[in-house]
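Undergrad: Next comes run.txt, compact mmCIF, C-alpha atoms:
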# COMPACT_ATOMS: atom_id res chain seq x y z
CA MET S 1 3.29 -20.69 -5.17
CA LYS S 2 1.67 -21.05 -8.61
CA LEU S 3 0.32 -18.07 -10.54
CA MET S 4 -3.39 -18.33 -11.31
CA LYS S 5 -5.66 -16.09 -13.35
CA LEU S 6 -8.88 -15.14 -11.64
CA ASP S 7 -11.03 -16.64 -14.41
CA LEU S 8 -9.41 -20.06 -13.80
CA LEU S 9 -9.91 -19.96 -10.05
CA LYS S 10 -13.53 -21.10 -10.21
CA ASP S 11 -12.66 -24.38 -11.92
CA MET S 12 -9.92 -25.02 -9.36
CA MET S 13 -12.37 -24.40 -6.53
CA LYS S 14 -14.84 -26.91 -7.97
CA VAL S 15 -12.16 -29.57 -8.36
CA TYR S 16 -10.97 -29.06 -4.78
CA GLY S 17 -14.50 -29.36 -3.42
CA MET S 18 -16.54 -26.50 -2.04
CA LYS S 19 -17.20 -28.06 1.35
CA SER S 20 -13.52 -28.87 2.03
CA LEU S 21 -12.40 -25.51 0.69
CA ALA S 22 -14.81 -23.61 2.91
CA GLU S 23 -13.69 -25.56 5.98
CA LYS S 24 -9.96 -25.18 5.37
CA ALA S 25 -10.20 -21.51 4.36
CA GLY S 26 -12.46 -20.69 7.29
CA VAL S 27 -15.11 -19.06 5.10
CA SER S 28 -18.76 -19.80 4.42
CA ARG S 29 -19.83 -22.04 1.57
CA THR S 30 -22.38 -19.41 0.67
CA SER S 31 -19.67 -16.86 -0.08
CA LEU S 32 -17.90 -19.37 -2.32
CA TYR S 33 -21.07 -20.22 -4.24
CA ASN S 34 -21.86 -16.51 -4.58
CA PHE S 35 -18.46 -16.01 -6.17
CA LEU S 36 -19.07 -18.86 -8.63
CA HIS S 37 -22.27 -17.13 -9.72
CA GLY S 38 -20.57 -13.79 -10.28
CA GLU S 39 -21.54 -12.04 -7.07
CA ASN S 40 -19.35 -10.02 -4.76
CA PHE S 41 -16.31 -11.86 -3.37
CA GLU S 42 -14.67 -10.00 -0.49
CA GLY S 43 -10.95 -9.37 -0.70
CA ASN S 44 -10.07 -11.18 2.53
CA THR S 45 -12.10 -14.22 1.49
CA LEU S 46 -10.27 -14.33 -1.83
CA GLU S 47 -6.95 -14.23 -0.02
CA LYS S 48 -7.91 -17.12 2.29
CA VAL S 49 -9.03 -19.24 -0.65
CA SER S 50 -5.85 -18.51 -2.61
CA VAL S 51 -3.73 -19.66 0.35
CA VAL S 52 -5.55 -23.00 0.58
CA LEU S 53 -5.29 -23.55 -3.17
CA ASN S 54 -1.64 -22.45 -3.17
CA VAL S 55 -2.13 -19.86 -5.90
CA GLU S 56 -1.03 -16.22 -6.14
CA LEU S 57 -3.62 -13.85 -7.56
CA ALA S 58 -2.23 -10.45 -6.67
CA VAL S 59 0.20 -10.13 -9.57
CA VAL S 60 -2.03 -11.63 -12.26
CA GLY S 61 -4.58 -9.89 -14.44
CA LYS S 62 -5.02 -6.67 -16.33
CA THR S 63 -4.28 -3.24 -14.92
CA PRO S 64 -7.36 -2.00 -13.05
CA ASP S 65 -8.89 1.28 -14.09
CA TYR S 66 -9.00 4.35 -11.89
CA GLU S 67 -12.64 3.86 -10.85
CA SER S 68 -11.99 0.25 -9.81
CA VAL S 69 -8.97 1.26 -7.72
CA CYS S 70 -10.98 3.99 -5.98
CA ASN S 71 -13.78 1.52 -5.24
CA HIS S 72 -11.34 -0.98 -3.76
CA LEU S 73 -9.79 1.76 -1.64
CA ALA S 74 -13.26 2.70 -0.42
CA TYR S 75 -13.98 -0.95 0.46
CA TYR S 76 -10.88 -0.93 2.65
CA LYS S 77 -12.14 2.21 4.45
CA ALA S 78 -10.62 5.03 2.41
CA PRO S 79 -12.75 8.22 2.54
CA LEU S 80 -14.24 7.59 -0.92
CA LEU S 81 -17.63 6.44 -2.17
CA TYR S 82 -18.07 2.65 -2.26
CA ASP S 83 -20.23 0.89 -4.85
CA LYS S 84 -21.36 -2.40 -3.28
CA SER S 85 -22.47 -3.78 -6.65
CA VAL S 86 -18.87 -3.97 -7.90
CA PRO S 87 -16.97 -7.17 -6.93
CA VAL S 88 -13.91 -6.81 -4.70
CA THR S 89 -11.13 -8.89 -6.24
CA MET S 90 -7.91 -7.34 -4.91
CA SER S 91 -6.26 -7.82 -1.54
CA LEU S 92 -5.53 -4.90 0.75
CA GLU S 93 -1.86 -4.98 -0.29
CA GLU S 94 -2.55 -5.03 -4.04
CA THR S 95 -5.14 -2.29 -3.67
CA THR S 96 -2.47 -0.22 -1.93
CA LYS S 97 -0.05 -0.72 -4.81
CA TRP S 98 -2.52 0.56 -7.38
CA GLY S 99 -3.59 3.40 -5.11
CA LEU S 100 0.03 4.50 -4.91
CA LYS S 101 0.48 4.22 -8.68
CA PHE S 102 -2.54 6.41 -9.42
CA SER S 103 -1.76 8.87 -6.62
CA LYS S 104 1.50 9.83 -8.34
CA ASP S 105 -0.42 12.07 -10.71
CA ASP S 106 -3.75 12.50 -8.96
CA GLY S 107 -4.38 15.11 -6.30
CA LEU S 108 -7.41 13.35 -4.79
CA LEU S 109 -5.59 10.06 -4.18
CA ASP S 110 -2.51 11.94 -3.03
CA SER S 111 -4.64 13.32 -0.20
CA VAL S 112 -6.43 10.02 0.48
CA MET S 113 -3.54 7.54 0.53
CA PRO S 114 -1.80 8.77 3.73
CA PHE S 115 -5.03 8.47 5.69
CA PHE S 116 -5.83 5.11 4.08
CA LEU S 117 -2.41 3.73 5.04
CA LEU S 118 -2.72 5.04 8.57
CA LYS S 119 -6.14 3.42 9.03
CA ASN S 120 -4.96 0.06 7.67
CA PHE S 121 -1.41 -0.12 9.02
CA LYS S 122 -2.19 -2.78 11.64
CA LEU S 123 -3.97 -4.92 9.03
CA PHE S 124 -1.21 -5.05 6.43
CA ASN S 125 0.89 -8.11 5.81
CA ARG S 126 4.00 -5.93 5.63
CA ALA S 127 6.16 -8.42 3.76
CA ARG S 128 3.41 -8.84 1.17
CA LEU S 129 2.97 -5.08 0.97
CA LEU S 130 6.65 -4.49 0.21
CA ALA S 131 6.57 -7.33 -2.32
CA GLN S 132 3.95 -5.35 -4.26
CA MET S 133 6.32 -2.42 -4.71
CA ASP S 134 7.63 -3.06 -8.23
CA ALA S 135 9.19 0.35 -8.84
CA GLU S 136 11.47 2.60 -6.81
CA TYR S 137 9.02 5.48 -6.81
CA LEU S 138 6.42 3.26 -5.10
CA TYR S 139 8.76 2.79 -2.14
CA GLN S 140 9.17 6.56 -2.02
CA LEU S 141 5.44 7.23 -2.08
CA LEU S 142 4.73 4.46 0.43
CA GLY S 143 7.33 5.82 2.81
CA PHE S 144 6.16 9.40 2.35
CA TYR S 145 2.50 8.64 2.97
CA LEU S 146 3.19 6.34 5.90
CA GLU S 147 5.44 8.89 7.55
CA LEU S 148 2.75 11.54 7.19
CA GLY S 149 0.50 9.24 9.18
CA ALA S 150 3.23 8.59 11.71
CA GLU S 151 3.73 12.32 12.19
CA TYR S 152 0.00 12.79 12.70
CA ARG S 153 -0.39 9.98 15.24
CA LYS S 154 3.21 10.01 16.56
CA ASN S 155 3.33 6.32 15.75
CA LYS S 156 6.76 4.76 16.39
CA ASN S 157 5.80 1.45 14.78
CA ILE S 158 5.17 3.12 11.45
CA ASN S 159 8.48 4.95 11.65
CA GLU S 160 10.31 1.71 12.38
CA PHE S 161 8.69 0.11 9.34
CA THR S 162 9.52 2.97 6.99
CA ASN S 163 13.10 3.05 8.26
CA SER S 164 13.43 -0.59 7.20
CA PHE S 165 13.30 0.39 3.53
CA TYR S 166 14.33 4.05 3.57
CA GLU S 167 17.24 4.93 1.27
CA LYS S 168 18.93 8.31 1.58
CA ASN S 169 19.95 8.19 -2.06
CA PHE S 170 16.45 7.81 -3.52
CA LEU S 171 16.30 9.63 -6.84
CA PRO S 172 13.55 12.22 -7.33
CA LEU S 173 10.56 10.89 -9.26
CA TYR S 174 11.39 12.89 -12.39
CA MET S 175 15.11 12.16 -12.70
CA SER S 176 14.67 9.41 -15.31
CA LYS S 177 12.75 11.61 -17.74
CA GLU S 178 14.41 13.61 -20.51
CA LYS S 179 12.27 16.62 -19.74
CA PRO S 180 10.87 17.32 -16.27
CA SER S 181 7.11 17.01 -16.04
CA ARG S 182 4.85 19.82 -14.88
CA ARG S 183 4.55 18.09 -11.53
CA ALA S 184 8.31 17.77 -11.22
CA LEU S 185 8.76 21.47 -11.81
CA GLU S 186 6.20 22.18 -9.12
CA VAL S 187 8.46 20.41 -6.62
CA LEU S 188 10.52 23.57 -6.60
CA LYS S 189 7.44 25.56 -5.65
CA SER S 190 5.95 23.10 -3.19
CA LYS S 191 5.16 24.10 0.34
CA ASN S 192 7.52 23.41 3.19
CA ASN S 193 7.00 19.68 3.70
CA LEU S 194 10.11 18.11 5.21
CA VAL S 195 8.67 14.61 4.94
CA GLY S 196 8.23 15.08 1.19
CA LYS S 197 11.78 16.36 0.88
CA LYS S 198 13.10 13.38 2.83
CA TRP S 199 11.48 10.90 0.43
CA ASN S 200 12.13 13.06 -2.66
CA VAL S 201 8.50 13.26 -3.71
CA PHE S 202 6.32 16.18 -4.65
CA SER S 203 3.82 17.23 -2.01
CA PHE S 204 0.53 18.85 -2.96
CA GLY S 205 0.48 20.59 0.40
CA SER S 206 2.06 21.17 3.77
CA LEU S 207 1.84 18.76 6.69
CA GLU S 208 -0.97 20.82 8.17
CA ASP S 209 -2.93 20.54 4.90
CA TYR S 210 -2.84 16.75 5.22
CA PHE S 211 -3.56 16.79 8.94
CA THR S 212 -6.59 19.03 8.46
CA ARG S 213 -8.06 16.41 6.13
CA PHE S 214 -7.20 13.62 8.58
CA ARG S 215 -9.08 15.34 11.40
CA LYS S 216 -12.09 15.80 9.12
CA TRP S 217 -12.13 12.22 7.85
CA GLU S 218 -11.67 10.65 11.29
CA LYS S 219 -15.17 11.85 12.15
CA PHE S 220 -16.73 9.81 9.37
CA VAL S 221 -14.44 6.82 8.67
Hey, can you dump this file as structure tokens for me?
TA:
Amino acid sequence: MKLMKLDLLKDMMKVYGMKSLAEKAGVSRTSLYNFLHGENFEGNTLEKVSVVLNVELAVVGKTPDYESVCNHLAYYKAPLLYDKSVPVTMSLEETTKWGLKFSKDDGLLDSVMPFFLLKNFKLFNRARLLAQMDAEYLYQLLGFYLELGAEYRKNKNINEFTNSFYEKNFLPLYMSKEKPSRRALEVLKSKNNLVGKKWNVFSFGSLEDYFTRFRKWEKFV
């Protein structure tokens, strides 16, 4: 599959032919023309188009900023505010990768990501999701957050998935640094969270802290 920058995709779409592309991708021609004119292009539509054109968009482009990541998470039903005027350009799996990256040092996303993963678990292309994990700590955070959701819902399917990439010898997140970070030092003071200990990640709270948020958010999301 060829790598394609988003700003070159429009030309490729025109060459292919909008009518044929819409038919083969199973999307409306209106959505394609809206994208050409700079309007919102939904993440799942972008993925369908990229498959037909045989291009990979998920790993190309600049690093999104925090606000963009939060808006994409909200689009995919995270309990965050969604700005409909901002185009959605990332797939569910790529959005998850960046959510994990930012959650490493952000308390808000640390609380949101487990619920987000639980809500979207059935929708993930799991092979594509794992392919997005480009650092060991992302596997750790993914496993940790997914297992929190599994504990909440008692979901065996999630546990089976996390077991497929769980490594007992995962290094703690701070082991590669010369001097432990403030967050790393707080690991020693963290609440009793056995799931966090299993995946060697710092937990901002106990299991019940997460579950309390889950119960609250389920009423609105």
Undergrad: Which is closest to Tyr139 in chain S among S:Ala127, S:Thr89, S:Val112, S:Trp199, if we use all atoms listed in the file?
TA: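 Counting all atoms listed in the file, the residue closest to Tyr139 in chain S is S:Trp199.
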Undergrad: Which of these, S:Pro87, S:Glu208, S:Phe144, S:Arg213, has the shortest distance to Leu108 in chain S once you count all atoms listed in the file?
TA: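 Closest candidate: S:Arg213.
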Undergrad: Find the spatial neighbours of Asn71 in chain S, counting only C-alpha atoms, within a cut-off of 12 Å - ignore same-chain residues fewer than 4 positions away - and output them as a PyMOL selection string.
TA: chain S and resi 64-67+75-90+95-96+98-99+109
Undergrad: How many Å lie between CA of Tyr145 in chain S and CA of Leu46 in chain S, rounded to one decimal?
TA: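 Computing it gives 26.7 Å between the two atoms.
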Undergrad: Quote the spacing between CA of Thr162 in chain S and CA of Ser50 in chain S in Å to one decimal place.
TA: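 Interatomic distance, CA of Thr162 in chain S to CA of Ser50 in chain S: 28.1 Å.
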Undergrad: Of the candidates S:Gly143, S:Pro114, S:Gly26, S:Gly17, which one gets nearest to Asn159 in chain S if we count all atoms listed in the file?
TA: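 Among the listed residues, S:Gly143 lies closest to Asn159 in chain S.
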Undergrad: For a test of reading the model, state the distance in Å between CA of Phe102 in chain S and CA of Leu129 in chain S, rounded to one decimal.
TA: 16.4 Å
Undergrad: For a quick check of understanding, using all atoms listed in the file, which of S:Asn155, S:Gln140, S:Ser91, S:Asn163 has the smallest distance to Lys122 in chain S?
TA: S:Asn155
Undergrad: Leaving out Leu130 in chain S and any residue of its chain fewer than 3 positions from it, which residues lie within 10 Å of it when counting only C-alpha atoms, given as an MDAnalysis selection string?
TA: chainID S and resid 93 97 125:127 133:134 138:139 142 165
Undergrad: Which of these residues is nearest to Phe124 in chain S, using all atoms listed in the file: S:Leu92, S:Val51, S:Leu146, S:Leu194?
TA: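 Residue with the minimum atom-to-atom distance to Phe124 in chain S: S:Leu92.
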Undergrad: Given 5 Å of margin on each side, can you work out the centre and size in Å (one decimal) of an axis-aligned box holding every listed atom of range 95-104 of chain S, as AutoDock Vina command-line options?
TA:
--center_x -1.8 --center_y 3.8 --center_z -5.7 --size_x 16.6 --size_y 22.1 --size_z 17.5
Undergrad: For Phe121 in chain S, which of S:Ile158, S:Leu148, S:Ala135, S:Val49 is the closest residue, counting all atoms listed in the file?
TA: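 Among the listed residues, the smallest separation from Phe121 in chain S belongs to S:Ile158.
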Undergrad: What lies within 9 Å of Thr45 in chain S using all atoms listed in the file, ignoring chain neighbours under 6 positions off, as a PyMOL selection string?
TA: chain S and resi 25-27+31-32
Undergrad: Export, as a PDB file, in the coordinates of the input, the selected residues with C-alpha atoms.
TA:
ATOM      1  CA  ALA S  25     -10.200 -21.510   4.360  1.00  0.00           C
ATOM      2  CA  GLY S  26     -12.460 -20.690   7.290  1.00  0.00           C
ATOM      3  CA  VAL S  27     -15.110 -19.060   5.100  1.00  0.00           C
ATOM      4  CA  SER S  31     -19.670 -16.860  -0.080  1.00  0.00           C
ATOM      5  CA  LEU S  32     -17.900 -19.370  -2.320  1.00  0.00           C
TER       6      LEU S  32
END
